[in-house]
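Taking it in order: structure first as structure tokens, then the write-up.
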Amino acid sequence: MATPWLALWRRLALLFAGAALLGWLVDRLTLALLLAALGSLAWQLWQLSRLDRWLRSDRDVNPPRFGPVWDSLAAQVARLRRQNRKRKRKFGKLLEQFQQATAALPDAAVVLGEDDRVAWCNGAAQSLLGLSPTRDMGRPIAHLVRHPGFVAFLTQRPPGDSVEFPSPVDDALLLGARIVPYGKKQRLLLATDISQLRRLEQMRRDFVANVSHELRTPLTVISGYLETLLDSENPALEAWRQPLHRMQEQSRRMLHIIEDLLLLARLEARKEPLARKPVNVPALLADIADDALALSGEQNHQIEVNAEPALWILGCEKDLRSAFANLAFNAVRYTPAGGRIALRWFADASGAHLMVEDNGEGIAPQHLPRLAERFYRINRDRSRGSGGTGLGLSIVKHVLNHHGGQLRIASELGVGSVFTCDFPAEARVEPTATTAR
Ligand code: ADP
């Protein structure tokens with residue numbers, strides 16, 4: 001750094017010394033110094049204009065020679081230019097790779113800016129959502145994808161939730177979309193083709209429903225014959241009585257599982273909203289308590305019903321009966337003889353609630369999250385032995401879903417369990433005298 005400046009100062013010193021000597025010789029010292037200063041200024045200005053011209057030229061050429069200090073300035077600018085060009089090439093390559101990667105993504109990705117306007121989208125967004133990367137930039141996504149479910153999802157912005165809707169490009173494609181917020185006001189919309197997944201689920205449901213349906217008739221026949229044989233007074237059958245009893249028990253169990261599977265298939269297949277009628281829940285619970293008492297038999301459980309008499313809800317009585325009976329029968333089956341079971345039906349500001357409480361064996365906390373899964377049983381033999389199918393709580397969950405409600409489970413091992421069905425306040429209805437149960 002010091003060298004060019006030294007050279008410049010040396011050059012200026014020489015110029016002014018020469019000018020002073022010449023001025024002194026011709027007796028025009030001030031004029032000579034002034035001319036030297038003007039000359040030096042003109043030279044600097046000329047270098048400046050050359051540097052400016054070189055900087056403006058876009059060509060990648062080495063700087064011309066300017067003279068001390070100016071040369072070093074030009075060299076530094078040239079170095080910065082080279083670095084800049086290198087960086088540009090690197091980012092360009094990165095951007096190209098990123099674009100290639102997002103174009104290869106099978107899922108649609110759309111960056112939404114302020115007011116959910118499209119800021120960027122990838123190739124799959126064109127084929128799945130029908131967006132155009134040129135025409136649709138800056139337009140609100142709700143104007144481009146108009147499915148009511150999607151628009152509602154967009155405005156409600158439920159965190160971590162997703163929505164399913166048919167593709168605007170092809171009705172046969174079912175899309176699952178999620179929105180991930182990032183940055184200050186930006187959101188990333190991700191949409192996946194889930195048609196295949198839903199088709200497989202439907203195939204599984206149809207398969208289970210068909211198999212159950214096909215098995216029901218032969219099993220009913222077998223069960224009927226077994227009953228006839230057991231009713232028969234024929235002494236030749238005396239030795240077979242015990243095995244026949246076991247066979248009848250098992251065929252009844254199988255029929256029970258099939259009935260539950262068919263009920264679940266029916267609940268799962270139901271797409272249209274439920275045909276709701278006023279349901280007299282207090283009377284329903286009284287019936288269920290009688291059945292639970294019969295199930296308890298000699299085990300002598302104390303079953304108590306405490307229901308608000310005028311608390312009716314809108315719903316499907318048959319399904320509600322299945323759900324409530326499953327909870328009450330579970331309480332009997334998983335509570336030791338003589339135990340206490342309470343059915344409470346009441347309303348508060350949040351809605352109507354059924355609490356099925358027992359002081360039975362209870363459930364360890366690690367089982368609670370999986371309890372309502374199909375065939376999830378804590379103790380398989382214990383459940384089988386008491387006539388369980390492992391489908392009861394799945395049925396309860398589905399029925400409650402159809403009624404806009406939910407199931408809550410609280411339990412402590414060795415103390416007891418509380419299963420609560422919560423119904424929304426809108427489900428409440430005034431009792432009607434005419435409605436037959
Ligand atoms: P299952 O037909 O086996 O009773 P469910 O789906 O009704 O199937 O229940 C799943 C499991 O939850 C049962 O196997 C049982 O282990 C547990 N369970 C359900 N209700 C109770 C209860 N009231 N007390 C203790 N455990 C229960």
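Note on naming: chains are A, B, ... as they come in the structure tokens, residues start from 1 per chain, ligands start from 1 in the order shown.
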* Within 7 Å of ligand 1, counting only C-alpha atoms and all ligand atoms, which protein or nucleic acid residues do you find, written as a PyMOL selection string? -> chain A and resi 326-327+330-331+334-335+358+360-363+371-372+374-380+383-384+387-394+416-417
Based on the selection just made, write N, CA, C and O atoms of those residues as a compact mmCIF listing (two decimals), in the first residue's frame.
# COMPACT_ATOMS: atom_id res chain seq x y z
N ASN A 326 -71.03 -50.75 24.86
CA ASN A 326 -69.63 -51.22 24.87
C ASN A 326 -68.90 -50.72 26.10
O ASN A 326 -68.16 -51.47 26.74
N LEU A 327 -69.13 -49.43 26.43
CA LEU A 327 -68.44 -48.87 27.60
C LEU A 327 -68.94 -49.51 28.89
O LEU A 327 -68.15 -49.85 29.78
N ASN A 330 -67.75 -53.14 29.10
CA ASN A 330 -66.31 -53.19 29.43
C ASN A 330 -66.13 -52.98 30.93
O ASN A 330 -65.31 -53.65 31.56
N ALA A 331 -66.89 -52.00 31.48
CA ALA A 331 -66.76 -51.71 32.92
C ALA A 331 -67.08 -52.97 33.73
O ALA A 331 -66.39 -53.29 34.70
N TYR A 334 -64.18 -55.66 33.12
CA TYR A 334 -62.84 -55.39 33.68
C TYR A 334 -62.90 -54.90 35.13
O TYR A 334 -61.98 -54.25 35.60
N THR A 335 -64.02 -55.18 35.81
CA THR A 335 -64.13 -54.83 37.23
C THR A 335 -64.42 -56.12 38.01
O THR A 335 -65.34 -56.87 37.62
N ASP A 358 -65.69 -46.88 36.76
CA ASP A 358 -65.67 -48.14 37.51
C ASP A 358 -64.50 -48.13 38.49
O ASP A 358 -63.60 -47.31 38.37
N GLY A 360 -62.55 -50.75 38.85
CA GLY A 360 -61.97 -52.04 38.46
C GLY A 360 -60.47 -52.04 38.40
O GLY A 360 -59.80 -51.27 39.10
N GLU A 361 -59.94 -52.88 37.48
CA GLU A 361 -58.49 -53.10 37.45
C GLU A 361 -57.67 -51.92 36.94
O GLU A 361 -56.48 -51.84 37.20
N GLY A 362 -58.31 -50.99 36.21
CA GLY A 362 -57.59 -49.81 35.72
C GLY A 362 -56.65 -50.15 34.56
O GLY A 362 -56.47 -51.32 34.20
N ILE A 363 -56.08 -49.11 34.00
CA ILE A 363 -55.24 -49.29 32.80
C ILE A 363 -53.93 -48.52 33.01
O ILE A 363 -53.95 -47.35 33.42
N LEU A 371 -55.52 -47.49 23.04
CA LEU A 371 -56.63 -48.34 23.47
C LEU A 371 -57.76 -48.44 22.44
O LEU A 371 -58.39 -49.49 22.31
N ALA A 372 -57.99 -47.33 21.70
CA ALA A 372 -59.12 -47.34 20.77
C ALA A 372 -58.74 -47.88 19.40
O ALA A 372 -59.54 -47.84 18.47
N ARG A 374 -58.12 -50.79 16.62
CA ARG A 374 -58.74 -52.10 16.42
C ARG A 374 -57.88 -53.23 16.97
O ARG A 374 -56.68 -53.25 16.73
N PHE A 375 -58.48 -54.12 17.65
CA PHE A 375 -57.85 -55.33 18.20
C PHE A 375 -56.73 -55.03 19.20
O PHE A 375 -55.93 -55.90 19.49
N TYR A 376 -56.66 -53.79 19.69
CA TYR A 376 -55.66 -53.52 20.72
C TYR A 376 -56.23 -53.95 22.07
O TYR A 376 -57.26 -53.45 22.51
N ARG A 377 -55.57 -54.92 22.67
CA ARG A 377 -56.03 -55.41 23.98
C ARG A 377 -54.84 -55.49 24.92
O ARG A 377 -53.75 -55.88 24.50
N ILE A 378 -55.06 -55.11 26.15
CA ILE A 378 -53.95 -55.13 27.11
C ILE A 378 -53.60 -56.59 27.42
O ILE A 378 -52.44 -56.98 27.39
N ASN A 379 -54.63 -57.36 27.66
CA ASN A 379 -54.41 -58.77 27.94
C ASN A 379 -55.36 -59.57 27.06
O ASN A 379 -56.56 -59.65 27.31
N ARG A 380 -54.78 -60.13 25.99
CA ARG A 380 -55.58 -60.81 24.97
C ARG A 380 -56.46 -61.91 25.57
O ARG A 380 -57.65 -62.00 25.29
N SER A 383 -59.26 -60.57 27.71
CA SER A 383 -60.33 -59.98 26.90
C SER A 383 -61.17 -61.09 26.27
O SER A 383 -62.40 -61.05 26.30
N ARG A 384 -60.47 -62.09 25.68
CA ARG A 384 -61.19 -63.21 25.04
C ARG A 384 -62.06 -63.93 26.04
O ARG A 384 -63.21 -64.24 25.78
N GLY A 387 -65.28 -62.48 26.70
CA GLY A 387 -66.16 -62.27 25.53
C GLY A 387 -65.84 -61.02 24.74
O GLY A 387 -66.66 -60.54 23.96
N GLY A 388 -64.64 -60.46 24.92
CA GLY A 388 -64.28 -59.22 24.20
C GLY A 388 -63.84 -59.52 22.77
O GLY A 388 -63.38 -60.63 22.47
N THR A 389 -63.99 -58.53 21.90
CA THR A 389 -63.56 -58.71 20.51
C THR A 389 -62.36 -57.83 20.19
O THR A 389 -61.74 -57.97 19.14
N GLY A 390 -62.06 -56.87 21.05
CA GLY A 390 -60.97 -55.93 20.78
C GLY A 390 -61.40 -54.81 19.85
O GLY A 390 -60.59 -54.00 19.41
N LEU A 391 -62.70 -54.76 19.54
CA LEU A 391 -63.19 -53.75 18.60
C LEU A 391 -64.09 -52.71 19.27
O LEU A 391 -64.45 -51.71 18.67
N GLY A 392 -64.43 -52.99 20.54
CA GLY A 392 -65.42 -52.15 21.24
C GLY A 392 -65.09 -50.67 21.25
O GLY A 392 -65.90 -49.84 20.84
N LEU A 393 -63.86 -50.33 21.67
CA LEU A 393 -63.53 -48.90 21.80
C LEU A 393 -63.37 -48.23 20.43
O LEU A 393 -63.61 -47.04 20.29
N SER A 394 -62.97 -49.02 19.40
CA SER A 394 -62.92 -48.46 18.03
C SER A 394 -64.33 -48.05 17.62
O SER A 394 -64.53 -46.98 17.01
N GLY A 416 -59.19 -47.77 39.08
CA GLY A 416 -60.40 -47.75 38.26
C GLY A 416 -60.24 -46.87 37.04
O GLY A 416 -59.17 -46.29 36.81
N SER A 417 -61.30 -46.82 36.24
CA SER A 417 -61.24 -46.07 34.98
C SER A 417 -62.47 -45.19 34.82
O SER A 417 -63.54 -45.51 35.34
Practice item. Would you please extract all strand (DSSP E) residues from segment 144-342 of chain A, as assigned by DSSP on the backbone, and give them as an MDAnalysis selection string? Key: chainID A and resid 162:166 174:182 186:193 277:279 302:307 312:315 340:342
Item to check | Selection: 8 Å around segment 216-226 of chain A, only C-alpha atoms, excl. self and same-chain fewer than 3 positions, as a PyMOL selection string | outcome: chain A and resi 212-213+229-230+244+247-248+251-252+254-255+258
Would you mind writing down, as a PyMOL selection string, each residue of segment 28-147 of chain A that DSSP on the backbone assigns to alpha helix (DSSP H)?
chain A and resi 29-56+70-104+123-129+141-144
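From atom CA of Thr420 of chain A back to atom CA of Arg276 of chain A, the distance works out to 21.3 Å.
Atom pair atom CA of Asp170 of chain A / atom CA of Thr102 of chain A has a distance of 21.8 Å (rounded to one decimal).
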One decimal place gives the atom CA of Val151 of chain A-atom CA of Val118 of chain A separation as 14.4 Å
If you count only C-alpha atoms, which residues fall within 9 Å of Pro336 of chain A, apart from same-chain ones fewer than 2 positions away, as an mmCIF file with N, CA, C and O atoms, in the first residue's frame?
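The resulting part_0.cif:
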data_model
loop_
_atom_site.group_PDB
_atom_site.id
_atom_site.type_symbol
_atom_site.label_atom_id
_atom_site.label_comp_id
_atom_site.auth_asym_id
_atom_site.auth_seq_id
_atom_site.Cartn_x
_atom_site.Cartn_y
_atom_site.Cartn_z
ATOM 1 N N GLN A 299 -71.850 -62.004 39.530
ATOM 2 C CA GLN A 299 -70.719 -61.197 40.022
ATOM 3 C C GLN A 299 -71.193 -60.007 40.850
ATOM 4 O O GLN A 299 -70.384 -59.328 41.490
ATOM 5 N N HIS A 301 -72.217 -56.856 40.467
ATOM 6 C CA HIS A 301 -71.694 -55.486 40.433
ATOM 7 C C HIS A 301 -72.801 -54.523 40.856
ATOM 8 O O HIS A 301 -73.977 -54.767 40.603
ATOM 9 N N VAL A 332 -68.119 -53.713 33.305
ATOM 10 C CA VAL A 332 -68.476 -54.942 34.023
ATOM 11 C C VAL A 332 -67.358 -55.973 33.861
ATOM 12 O O VAL A 332 -66.929 -56.611 34.829
ATOM 13 N N ARG A 333 -66.858 -56.112 32.606
ATOM 14 C CA ARG A 333 -65.903 -57.190 32.323
ATOM 15 C C ARG A 333 -64.537 -56.952 32.949
ATOM 16 O O ARG A 333 -63.805 -57.885 33.229
ATOM 17 N N TYR A 334 -64.181 -55.665 33.122
ATOM 18 C CA TYR A 334 -62.844 -55.392 33.681
ATOM 19 C C TYR A 334 -62.903 -54.898 35.131
ATOM 20 O O TYR A 334 -61.978 -54.247 35.596
ATOM 21 N N GLY A 338 -68.547 -57.674 42.494
ATOM 22 C CA GLY A 338 -68.933 -56.799 43.607
ATOM 23 C C GLY A 338 -68.495 -55.355 43.404
ATOM 24 O O GLY A 338 -68.797 -54.486 44.225
ATOM 25 N N GLY A 339 -67.808 -55.068 42.305
ATOM 26 C CA GLY A 339 -67.300 -53.708 42.058
ATOM 27 C C GLY A 339 -68.434 -52.717 41.791
ATOM 28 O O GLY A 339 -69.591 -53.092 41.608
ATOM 29 N N ASN A 359 -64.572 -49.003 39.464
ATOM 30 C CA ASN A 359 -63.425 -49.121 40.391
ATOM 31 C C ASN A 359 -62.735 -50.462 40.167
ATOM 32 O O ASN A 359 -62.384 -51.170 41.086
ATOM 33 N N GLY A 360 -62.554 -50.754 38.855
ATOM 34 C CA GLY A 360 -61.973 -52.043 38.463
ATOM 35 C C GLY A 360 -60.469 -52.042 38.399
ATOM 36 O O GLY A 360 -59.802 -51.271 39.096
ATOM 37 N N GLU A 361 -59.939 -52.875 37.478
ATOM 38 C CA GLU A 361 -58.494 -53.104 37.450
ATOM 39 C C GLU A 361 -57.669 -51.921 36.943
ATOM 40 O O GLU A 361 -56.480 -51.842 37.196
#
If you count only C-alpha atoms, the residue of A:Leu262, A:Ala177, A:Phe153, A:Leu38 closest to Arg205 of chain A turns out to be A:Leu262
Restricting to only C-alpha atoms, whichever of A:Leu41, A:Val111, A:Ala323, A:Ile257 is closest to Ile288 of chain A is A:Ala323
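The neighbours of Arg65 of chain A here are the residues that come within 12 Å of it, using only C-alpha atoms and leaving out any residue fewer than 2 positions away in the same chain; they are Gln47, Arg50, Leu51, Trp54, Asn62, Pro63, Gly67, Pro68, Val69, Trp70, Asp71, Ser72, Leu73, Ala74 and Ala75 of chain A.
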For Gly183 of chain A, the closest of A:Leu45, A:Val399, A:Ala307, A:Leu112 counting only C-alpha atoms is A:Leu112
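Neighbouring residues of Asp348 of chain A at 12 Å or closer, counting only C-alpha atoms and skipping chain neighbours under 2 positions away, are Glu308, Leu311, Trp345, Phe346, Ser350, Gly351, Ala352, His353, Leu354, Asp422, Phe423, Pro424, Ala425 and Arg428 of chain A.
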Counting only C-alpha atoms, closest pick from A:Leu407, A:Pro365, A:Val211, A:Phe66 relative to Asp52 of chain A is A:Phe66
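In this comparison, which uses only C-alpha atoms, the residue of A:Ala337, A:Leu314, A:His403, A:Val356 approaching Val429 of chain A most closely is A:Leu314.
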